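Novice: Below you will find the structure I want to go over with you.
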Amino acid sequence: MNAVQRGFGAIVAIVILVIMATISAALVRLGTTQQVTSAQDILSARAWQTARAGNEWGLYWALHDSSCANAAGTLDLSATTGFWVTVTCTAKTFKEGEESLMPPVVTARVITTYSIEAVACNSAVCPDPALAATPGYVERKRLVIANTP
(Lines give C-alpha, C1' and ligand atoms only; values in the text may rest on other atoms or scores of the structure.)
Protein backbone atom coordinates (compact mmCIF):
# COMPACT_ATOMS: atom_id res chain seq x y z
CA MET A 1 0.00 0.00 0.00
CA ASN A 2 2.89 2.40 0.52
CA ALA A 3 3.92 2.07 -3.13
CA VAL A 4 0.46 3.10 -4.36
CA GLN A 5 0.40 6.20 -2.14
CA ARG A 6 3.86 7.31 -3.24
CA GLY A 7 3.00 6.88 -6.93
CA PHE A 8 -0.18 8.92 -6.55
CA GLY A 9 1.73 11.84 -4.95
CA ALA A 10 4.25 11.86 -7.83
CA ILE A 11 1.42 12.05 -10.41
CA VAL A 12 -0.21 14.96 -8.55
CA ALA A 13 3.14 16.77 -8.36
CA ILE A 14 3.70 16.33 -12.14
CA VAL A 15 0.17 17.60 -12.93
CA ILE A 16 0.69 20.66 -10.72
CA LEU A 17 4.07 21.37 -12.38
CA VAL A 18 2.50 21.11 -15.86
CA ILE A 19 -0.33 23.47 -14.89
CA MET A 20 2.11 26.00 -13.41
CA ALA A 21 4.34 25.82 -16.50
CA THR A 22 1.33 26.41 -18.76
CA ILE A 23 0.22 29.42 -16.72
CA SER A 24 3.77 30.82 -16.73
CA ALA A 25 4.04 30.44 -20.51
CA ALA A 26 0.69 32.19 -20.98
CA LEU A 27 1.78 35.08 -18.74
CA VAL A 28 5.05 35.50 -20.65
CA ARG A 29 3.19 35.49 -23.97
CA LEU A 30 0.67 38.03 -22.67
CA GLY A 31 3.46 40.33 -21.45
CA THR A 32 5.28 40.10 -24.78
CA THR A 33 2.09 40.87 -26.71
CA GLN A 34 1.42 43.91 -24.54
CA GLN A 35 4.94 45.25 -25.11
CA VAL A 36 4.69 44.80 -28.89
CA THR A 37 1.26 46.46 -28.96
CA SER A 38 2.53 49.39 -26.93
CA ALA A 39 5.54 49.84 -29.23
CA GLN A 40 3.30 49.78 -32.31
CA ASP A 41 0.98 52.34 -30.73
CA ILE A 42 3.91 54.70 -30.13
CA LEU A 43 5.13 54.22 -33.73
CA SER A 44 1.62 54.89 -35.00
CA ALA A 45 1.43 58.18 -33.08
CA ARG A 46 4.85 59.23 -34.43
CA ALA A 47 3.79 58.39 -37.98
CA TRP A 48 0.58 60.42 -37.61
CA GLN A 49 2.47 63.47 -36.32
CA THR A 50 5.08 63.11 -39.06
CA ALA A 51 2.32 62.98 -41.71
CA ARG A 52 0.84 66.10 -40.13
CA ALA A 53 4.22 67.84 -40.42
CA GLY A 54 4.27 66.85 -44.10
CA ASN A 55 0.80 68.37 -44.58
CA GLU A 56 1.88 71.61 -42.94
CA TRP A 57 5.06 71.76 -45.01
CA GLY A 58 3.10 71.20 -48.23
CA LEU A 59 0.46 73.78 -47.25
CA TYR A 60 3.13 76.35 -46.47
CA TRP A 61 4.73 75.99 -49.90
CA ALA A 62 1.44 75.76 -51.79
CA LEU A 63 0.03 78.89 -50.16
CA HIS A 64 3.37 80.74 -50.11
CA ASP A 65 4.12 80.18 -53.82
CA SER A 66 0.48 79.93 -54.98
CA SER A 67 1.43 76.72 -56.78
CA CYS A 68 2.30 73.10 -56.15
CA ALA A 69 5.81 73.52 -57.58
CA ASN A 70 7.63 73.38 -54.23
CA ALA A 71 4.87 71.73 -52.20
CA ALA A 72 5.69 68.17 -53.25
CA GLY A 73 8.62 65.97 -52.38
CA THR A 74 10.07 63.66 -49.77
CA LEU A 75 11.01 64.85 -46.32
CA ASP A 76 13.63 62.92 -44.37
CA LEU A 77 12.63 63.29 -40.72
CA SER A 78 14.27 60.02 -39.73
CA ALA A 79 16.90 61.66 -37.53
CA THR A 80 14.29 62.88 -35.05
CA THR A 81 11.26 60.66 -35.64
CA GLY A 82 12.48 57.63 -37.58
CA PHE A 83 10.04 58.40 -40.40
CA TRP A 84 10.07 59.71 -43.95
CA VAL A 85 7.19 61.65 -45.53
CA THR A 86 6.16 61.72 -49.17
CA VAL A 87 4.12 64.83 -49.94
CA THR A 88 2.05 65.30 -53.10
CA CYS A 89 0.14 68.40 -54.14
CA THR A 90 -2.71 68.81 -56.58
CA ALA A 91 -4.08 72.23 -57.53
CA LYS A 92 -7.41 72.88 -59.23
CA THR A 93 -8.60 76.30 -60.30
CA PHE A 94 -12.24 77.14 -60.93
CA LYS A 95 -14.51 80.15 -61.15
CA GLU A 96 -17.11 80.81 -58.49
CA GLY A 97 -20.12 82.89 -59.37
CA GLU A 98 -21.42 84.25 -62.65
CA GLU A 99 -19.91 86.66 -65.12
CA SER A 100 -21.92 89.26 -66.95
CA LEU A 101 -20.98 91.65 -69.70
CA MET A 102 -23.98 93.91 -69.27
CA PRO A 103 -23.97 96.62 -66.59
CA PRO A 104 -23.39 96.12 -63.79
CA VAL A 105 -20.34 94.09 -64.85
CA VAL A 106 -19.77 91.12 -62.55
CA THR A 107 -16.62 89.05 -62.62
CA ALA A 108 -16.53 85.52 -61.31
CA ARG A 109 -14.16 84.94 -58.43
CA VAL A 110 -11.25 82.60 -59.24
CA ILE A 111 -10.56 80.04 -56.51
CA THR A 112 -7.68 77.59 -56.31
CA THR A 113 -8.07 74.41 -54.30
CA TYR A 114 -4.94 72.65 -53.08
CA SER A 115 -5.02 68.99 -52.05
CA ILE A 116 -1.97 68.12 -49.98
CA GLU A 117 -1.48 64.40 -49.29
CA ALA A 118 1.24 63.27 -46.90
CA VAL A 119 2.23 59.63 -46.44
CA ALA A 120 4.56 58.95 -43.50
CA CYS A 121 6.26 55.61 -42.95
CA ASN A 122 9.33 54.14 -41.30
CA SER A 123 10.92 53.24 -44.63
CA ALA A 124 12.93 55.45 -46.98
CA VAL A 125 10.30 54.79 -49.69
CA CYS A 126 6.77 55.88 -48.74
CA PRO A 127 4.51 54.00 -49.16
CA ASP A 128 6.52 50.78 -49.32
CA PRO A 129 4.38 47.85 -50.55
CA ALA A 130 7.25 45.41 -50.01
CA LEU A 131 7.24 46.09 -46.25
CA ALA A 132 3.49 46.55 -45.81
CA ALA A 133 2.98 43.03 -44.43
CA THR A 134 5.89 43.10 -41.98
CA PRO A 135 5.12 43.61 -38.28
CA GLY A 136 7.44 46.60 -37.73
CA TYR A 137 6.23 48.69 -40.67
CA VAL A 138 4.00 51.66 -39.85
CA GLU A 139 2.36 53.97 -42.38
CA ARG A 140 -0.10 56.83 -41.97
CA LYS A 141 -1.72 58.97 -44.65
CA ARG A 142 -3.29 62.41 -44.22
CA LEU A 143 -5.09 64.59 -46.76
CA VAL A 144 -5.61 68.32 -46.31
CA ILE A 145 -7.62 70.53 -48.67
CA ALA A 146 -7.21 74.32 -48.68
CA ASN A 147 -8.88 76.99 -50.81
CA THR A 148 -7.45 80.36 -51.77
CA PRO A 149 -9.42 83.22 -53.30
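Naming scheme: A, B, ... for chains in displayed order of the C-alpha coordinates; residues 1 onward per chain; ligands 1 onward as shown.
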Can you list, as number ranges by chain, every residue of chain A that DSSP puts in helix (DSSP H, G or I)?
Specialist: A: 2-65
Novice: Can you tell me, as a PyMOL selection string, which residues in chain A count as strand (DSSP E or B) by DSSP?
Specialist: chain A and resi 73-77+83-96+100+106+109-121+139-148
Novice: Work out how far atom CA of A:Ser44 is from atom CA of A:Arg140, in Å to one decimal.
Specialist: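 Value for the atom CA of A:Arg140-atom CA of A:Ser44 distance: 7.4 Å.
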Novice: Applying 7 Å and only C-alpha atoms, which residues near A:Ala51 remain after dropping the ones on its own chain fewer than 6 positions away? List them as a ChimeraX atom specification.
Specialist: /A:85,118-120,140-142
